[in-house]
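One structure is given below, encoded as structure tokens.
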Amino acid sequence: MSNPRSAIVELDGVARRFPGPPEVVAVRNARVRLQAGEYVALTGPSGSGKSTLVNIVALLDRPTSGRYLLNGADTMGMPERQRALVRGRQIGVVFQSFHLMAWRTALENVAVAGMYAGTRRQLRMRMAAAMLDRVGLGQRAGSLTATMSGGERQRVAIARALATQPSLLLCDEPTGNLDSAATEVVLDLLAQLNREGVTILVITHDRQVAARAGRQLAIVDGVVDGLVDGAVDGAVDGLVDGAVAPAAGDAG
Ligand SMILES: Nc1ncnc2c1ncn2[C@@H]1O[C@H](COP(=O)(O)OP(=O)(O)OP(=O)(O)O)[C@@H](O)[C@H]1O
Ligand SMILES: [Mg+2]
């Protein structure tokens, strides 16, 4: 277990350019610190770099400049294999577009998560079934996800992200396809996980979803400035190139 006062994620002047053409600077200057046990919401307009940032934090993509420390370890020099292992063991990701295998059952989709963490099949199946129960889909474990509704698929994706009991959970619009009742179920689940010690970063356009977080950040044109609750640490001062993000909640 991580020290509750330590930083789990530290992005220090992180940028991500896509060469194009045309070249796009999706993330321009991110300095974000998530303390272990925090629950943070990130909002921003469409195209402002949110999913790009999530991919970086999830170790699925690398910054083109800047530094990313995960639990104090510099991820920049980690070989791909190590990044995959760290991701499998520590990080759960709920993708904006789910990324489920359509012609596999909900149970198989969730159980796949543990593969990357090296968990035995039997245990993976048990954990997958428990997680599907937790998101209210126990009855649909054997259904092909191709036959499920958008909201059900979203909940399968959430169950998959949780199946390995990650210490860091990244959710990209986790309630984007849910009605208000299902949204409440997911938000209660996130709150419960956070009480259990999981560090959560949730990306959302929904004010009500953002309001459930302990801290709200905004990203504007790839710039996000999110250190700890106003306690700006001198060690990373001077990294922001002018545009300090306004308060969250004004995203479209
Ligand atoms: N692989 C890529 N190659 C080129 N450009 C990309 C790539 N991925 C993202 N971009 C660009 O980077 C910018 C940020 O994209 P990103 O998906 O991070 O936005 P977002 O904030 O998640 O938006 P949304 O709210 O619509 O999901 C966009 O202009 C997008 O077109
Ligand atoms: Mg996105």
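Following the order of the structure tokens, chains are lettered A, B, ..., residues in each are numbered from 1, and ligands are numbered from 1.
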
Taking only C-alpha atoms into account, produce a table as CSV in which each residue of stretch 116-180 of chain A with an atom at most 9 Å from an atom of stretch 195-219 of chain A appears once, together with its shortest atom pair and the distance in Å to one decimal, ordered by chain and rising number.
residue,atom,partner,partner_atom,distance
A:Gln165,CA,A:Val198,CA,8.5
A:Pro166,CA,A:Val198,CA,7.2
A:Ser167,CA,A:Val198,CA,4.9
A:Leu168,CA,A:Thr199,CA,4.8
A:Leu169,CA,A:Ile200,CA,4.8
A:Leu170,CA,A:Leu201,CA,5.0
A:Cys171,CA,A:Val202,CA,4.7
A:Asp172,CA,A:Ile203,CA,4.8
A:Glu173,CA,A:Thr204,CA,4.8
A:Pro174,CA,A:Thr204,CA,7.5
A:Thr175,CA,A:Thr204,CA,7.9
A:Gly176,CA,A:Thr204,CA,7.8

Which polymer residues have any atom within 12 Å of an atom of A:Ala26, counting only C-alpha atoms, with same-chain residues fewer than 3 positions away left out, as a VMD selection string? chain A and resid 14 to 20 22 to 23 29 to 30 46 to 56 63 to 64 219 to 224

DSSP-assigned strand (DSSP E) among stretch 163-240 of chain A, expressed as a ChimeraX atom specification: /A:168-172,199-203,215-220,223-226

For the helix (DSSP H, G or I) assignment from backbone DSSP, which residues of stretch 49-182 of chain A qualify? Please present them as a PyMOL selection string. chain A and resi 50-57+80-90+106-111+113-117+121-134+138-140+145-147+150-162+180-182

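The spacing separating atom CA of A:Val135 from atom CA of A:Leu70 amounts to 28.0 Å.
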
Counting only C-alpha atoms, the residue of A:Arg81, A:Ala181, A:Glu152, A:Ala161 that sits nearest A:Val93: A:Ala161

List the spatial neighbours of stretch 108-121 of chain A as a PyMOL selection string - criterion: any atom at most 7 Å away, only C-alpha atoms, same-chain residues fewer than 4 positions off excluded. chain A and resi 85+88-89+100-101+104+125+128+156+159-160+163-164

One number please: atom CA of A:His99 to atom 3 (N, counted along the ligand's line) of ligand 1, in Å, one decimal.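 Separating atom CA of A:His99 from atom 3 (N, counted along the ligand's line) of ligand 1 is a distance of 17.8 Å.
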
Counting only C-alpha atoms and all ligand atoms, the residue of A:Val86, A:Val9, A:Leu132, A:Leu42 that sits nearest ligand 1: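 Between A:Val86, A:Val9, A:Leu132, A:Leu42, the residue approaching ligand 1 most closely is A:Leu42.
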
Can you work out the spacing between atom CA of A:Ser97 and atom 18 (O, counted along the ligand's line) of ligand 1 in Å, to one decimal? 12.7 Å

Spatial neighbours of stretch 136-138 of chain A, max dist 9 Å, only C-alpha atoms, sep filter under 6 positions, as a ChimeraX atom specification: /A:106,129-130,152,155-156,185

Compare A:Met148, A:Gly66, A:Gly13, A:Ala7 by their minimum atom-to-atom distance to A:Glu38, counting only C-alpha atoms, and give me the closest one.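 Of A:Met148, A:Gly66, A:Gly13, A:Ala7, the one nearest A:Glu38 is A:Ala7, counting only C-alpha atoms.
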